[in-house]
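The structure appears right after this line, and notes come after that.
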Amino acid sequence: MLKQPLIVSGTLGYAGPATLDRHVTKPYREDTEIRGESVRVSREGEPVRSFALKRAPELSGLLTAFTALLAGDRDAVGREFEIAASGDEATWQLKLTPRDARVRKRVPGIQIDGRKDLPRCFTIANDNGGASVMLLGAAAATELPQPLTREWLERWCAATE
């Protein structure tokens with residue numbers, strides 16, 4: 001268990017359905033590549049790990065949500081998640097709840113906060129009450145307070161200014 005948030009920096013790459021790349025550059029170097037049903041993780045100084053996507057339902061949910069959203073495929077998102085939308089054109093929020101009970105036990109929900117036509121934050125809740133929050137696009141350049149708290153991130157992601 002972490003006593004404070006772990007802040008990592010890097011990039012996400014999307015090259016079409018069932019494909020997602022995550023490149024962490026700070027505070028360590030790690031590359032995660034998802035191709036169809038296989039995941040490959042390489043971290044500096046460690047052997048490469050590969051595993052089937054079905055072993056990590058949180059990655060499967062992330063992949064489905066992220067790639068279907070980027071593709072504008074509401075039907076694909078709707079097959080895997082219950083969708084609740086709120087807000088208006090200026091500030092909006094999507095809440096995705098996995099339909100599969102086994103996945104929902106590990107990933108209770110995904111929340112996307114945005115402004116106008118751009119997503120701002122992508123939050124993945126986990127089974128121990130924690131969450132992973134990704135700041136997207138220009139939001140990723142935000143200077144974060146120290147100490148950083150989840151409450152601050154939630155307020156900031158939902159802010160209208």
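Ordered as shown in the structure tokens, chains take letters A, B, and onward, while each chain numbers its residues from 1 and ligands are numbered from 1 in the order shown.
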
>> When you look at segment 34-37 of chain A with a cut-off of 12 Å (counting only C-alpha atoms), what residues show up, excluding the ones that are within fewer than 2 positions of it in the same chain? I need them as a PyMOL selection string.
In response: chain A and resi 12-23+31-32+39-42+50-57+59-60+62-64+67

> Per DSSP on the backbone, what are the strand (DSSP E or B) residues of chain A, as a ChimeraX atom specification?
Replying inline: /A:9-14,19-26,30-35,38-43,49-52,81-87,91-98,110-115,118-125,131-135

>> Between A:Arg115, A:Arg43, A:Lys26, A:Arg120, which residue has the minimum interatomic distance to Asp88 of chain A, considering only C-alpha atoms?
In response: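 Of A:Arg115, A:Arg43, A:Lys26, A:Arg120, the one nearest Asp88 of chain A, counting only C-alpha atoms, is A:Arg115.
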
>> Can you measure atom CA of Glu154 of chain A to atom CA of Arg104 of chain A for me? One decimal in Å is fine.
In response: 20.8 Å

> If you count only C-alpha atoms, which residues fall within 7 Å of Val133 of chain A, apart from same-chain ones fewer than 5 positions away, as JSON, numbers by chain?
Replying inline: {"A": [121, 122, 123, 124]}

How would the residues just picked look written out with N, CA, C and O atoms as a PDB file, in the first residue's frame?
```
ATOM      1  N   CYS A 121      -9.473  13.836 -17.796  1.00  0.00           N
ATOM      2  CA  CYS A 121      -9.021  12.863 -16.806  1.00  0.00           C
ATOM      3  C   CYS A 121      -9.692  11.525 -17.069  1.00  0.00           C
ATOM      4  O   CYS A 121     -10.863  11.463 -17.430  1.00  0.00           O
ATOM      5  N   PHE A 122      -8.945  10.472 -16.861  1.00  0.00           N
ATOM      6  CA  PHE A 122      -9.422   9.105 -17.038  1.00  0.00           C
ATOM      7  C   PHE A 122      -9.105   8.390 -15.731  1.00  0.00           C
ATOM      8  O   PHE A 122      -7.930   8.176 -15.410  1.00  0.00           O
ATOM      9  N   THR A 123     -10.137   8.076 -14.953  1.00  0.00           N
ATOM     10  CA  THR A 123      -9.948   7.500 -13.621  1.00  0.00           C
ATOM     11  C   THR A 123     -10.468   6.073 -13.595  1.00  0.00           C
ATOM     12  O   THR A 123     -11.617   5.814 -13.955  1.00  0.00           O
ATOM     13  N   ILE A 124      -9.607   5.156 -13.163  1.00  0.00           N
ATOM     14  CA  ILE A 124      -9.980   3.748 -13.059  1.00  0.00           C
ATOM     15  C   ILE A 124      -9.984   3.379 -11.576  1.00  0.00           C
ATOM     16  O   ILE A 124      -8.938   3.407 -10.920  1.00  0.00           O
TER      17      ILE A 124
END
```

>> One number please: atom CA of Arg29 of chain A to atom CA of Gly45 of chain A, in Å, one decimal.
In response: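 Calculated distance between atom CA of Arg29 of chain A and atom CA of Gly45 of chain A is 9.2 Å.
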
>> I'd like the interatomic distance between atom CA of Gly114 of chain A and atom CA of Glu30 of chain A, to a tenth of an Å.
In response: 27.1 Å

Which residues, written as a PDB file with all heavy atoms, in the first residue's frame, have at least one atom at most 12 Å from Glu143 of chain A, with only C-alpha atoms counted and residues fewer than 6 positions away on the same chain left out?
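What follows is the written file selection.pdb:
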```pdb
ATOM      1  N   ILE A   7       3.261   9.127  -8.745  1.00  0.00           N
ATOM      2  CA  ILE A   7       3.043   9.929  -9.942  1.00  0.00           C
ATOM      3  C   ILE A   7       3.999   9.441 -11.019  1.00  0.00           C
ATOM      4  O   ILE A   7       5.215   9.446 -10.831  1.00  0.00           O
ATOM      5  CB  ILE A   7       3.281  11.425  -9.657  1.00  0.00           C
ATOM      6  CG1 ILE A   7       2.326  11.888  -8.556  1.00  0.00           C
ATOM      7  CG2 ILE A   7       3.121  12.246 -10.927  1.00  0.00           C
ATOM      8  CD1 ILE A   7       2.633  13.262  -8.007  1.00  0.00           C
ATOM      9  N   LEU A 135      -4.090  12.066 -16.327  1.00  0.00           N
ATOM     10  CA  LEU A 135      -4.378  13.388 -16.865  1.00  0.00           C
ATOM     11  C   LEU A 135      -4.008  13.342 -18.335  1.00  0.00           C
ATOM     12  O   LEU A 135      -2.915  12.914 -18.703  1.00  0.00           O
ATOM     13  CB  LEU A 135      -3.567  14.457 -16.139  1.00  0.00           C
ATOM     14  CG  LEU A 135      -3.737  14.510 -14.624  1.00  0.00           C
ATOM     15  CD1 LEU A 135      -2.939  15.673 -14.037  1.00  0.00           C
ATOM     16  CD2 LEU A 135      -5.195  14.616 -14.228  1.00  0.00           C
ATOM     17  N   LEU A 153      -7.345  15.708  -6.885  1.00  0.00           N
ATOM     18  CA  LEU A 153      -7.470  15.279  -8.278  1.00  0.00           C
ATOM     19  C   LEU A 153      -8.929  15.202  -8.714  1.00  0.00           C
ATOM     20  O   LEU A 153      -9.276  15.644  -9.811  1.00  0.00           O
ATOM     21  CB  LEU A 153      -6.805  13.916  -8.490  1.00  0.00           C
ATOM     22  CG  LEU A 153      -5.301  13.918  -8.676  1.00  0.00           C
ATOM     23  CD1 LEU A 153      -4.756  12.499  -8.617  1.00  0.00           C
ATOM     24  CD2 LEU A 153      -4.901  14.603  -9.966  1.00  0.00           C
ATOM     25  N   TRP A 156     -10.195  18.727  -9.184  1.00  0.00           N
ATOM     26  CA  TRP A 156      -9.559  19.349 -10.329  1.00  0.00           C
ATOM     27  C   TRP A 156     -10.110  18.781 -11.635  1.00  0.00           C
ATOM     28  O   TRP A 156     -10.406  19.515 -12.571  1.00  0.00           O
ATOM     29  CB  TRP A 156      -8.039  19.165 -10.248  1.00  0.00           C
ATOM     30  CG  TRP A 156      -7.326  19.918 -11.323  1.00  0.00           C
ATOM     31  CD1 TRP A 156      -6.968  21.218 -11.296  1.00  0.00           C
ATOM     32  CD2 TRP A 156      -6.930  19.398 -12.596  1.00  0.00           C
ATOM     33  NE1 TRP A 156      -6.376  21.557 -12.485  1.00  0.00           N
ATOM     34  CE2 TRP A 156      -6.328  20.452 -13.290  1.00  0.00           C
ATOM     35  CE3 TRP A 156      -7.035  18.157 -13.193  1.00  0.00           C
ATOM     36  CZ2 TRP A 156      -5.829  20.306 -14.570  1.00  0.00           C
ATOM     37  CZ3 TRP A 156      -6.522  18.005 -14.476  1.00  0.00           C
ATOM     38  CH2 TRP A 156      -5.924  19.062 -15.142  1.00  0.00           C
TER      39      TRP A 156
END
```

> Closest to Met134 of chain A among A:Phe66, A:Val48, A:Ala85, A:Arg99, using only C-alpha atoms?
Replying inline: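 Checking each of A:Phe66, A:Val48, A:Ala85, A:Arg99 against Met134 of chain A, counting only C-alpha atoms, the winner is A:Phe66.
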
> When distances are computed from only C-alpha atoms, which of A:Val24, A:Leu6, A:Ala90, A:Leu96 shows the smallest separation from Arg74 of chain A?
Replying inline: A:Leu96

>> Using DSSP secondary structure from the backbone, list all alpha helix (DSSP H) positions within segment 39-122 of chain A, as a list in words.
In response: Pro57, Glu58, Leu59, Ser60, Gly61, Leu62, Leu63, Thr64, Ala65, Phe66, Thr67, Ala68, Leu69, Leu70, Ala71, Arg74, Asp75, Ala76, Val77, Gly78, Arg79, Glu80, Ala101, Arg102, Val103, Arg104, Lys105 and Arg106 of chain A
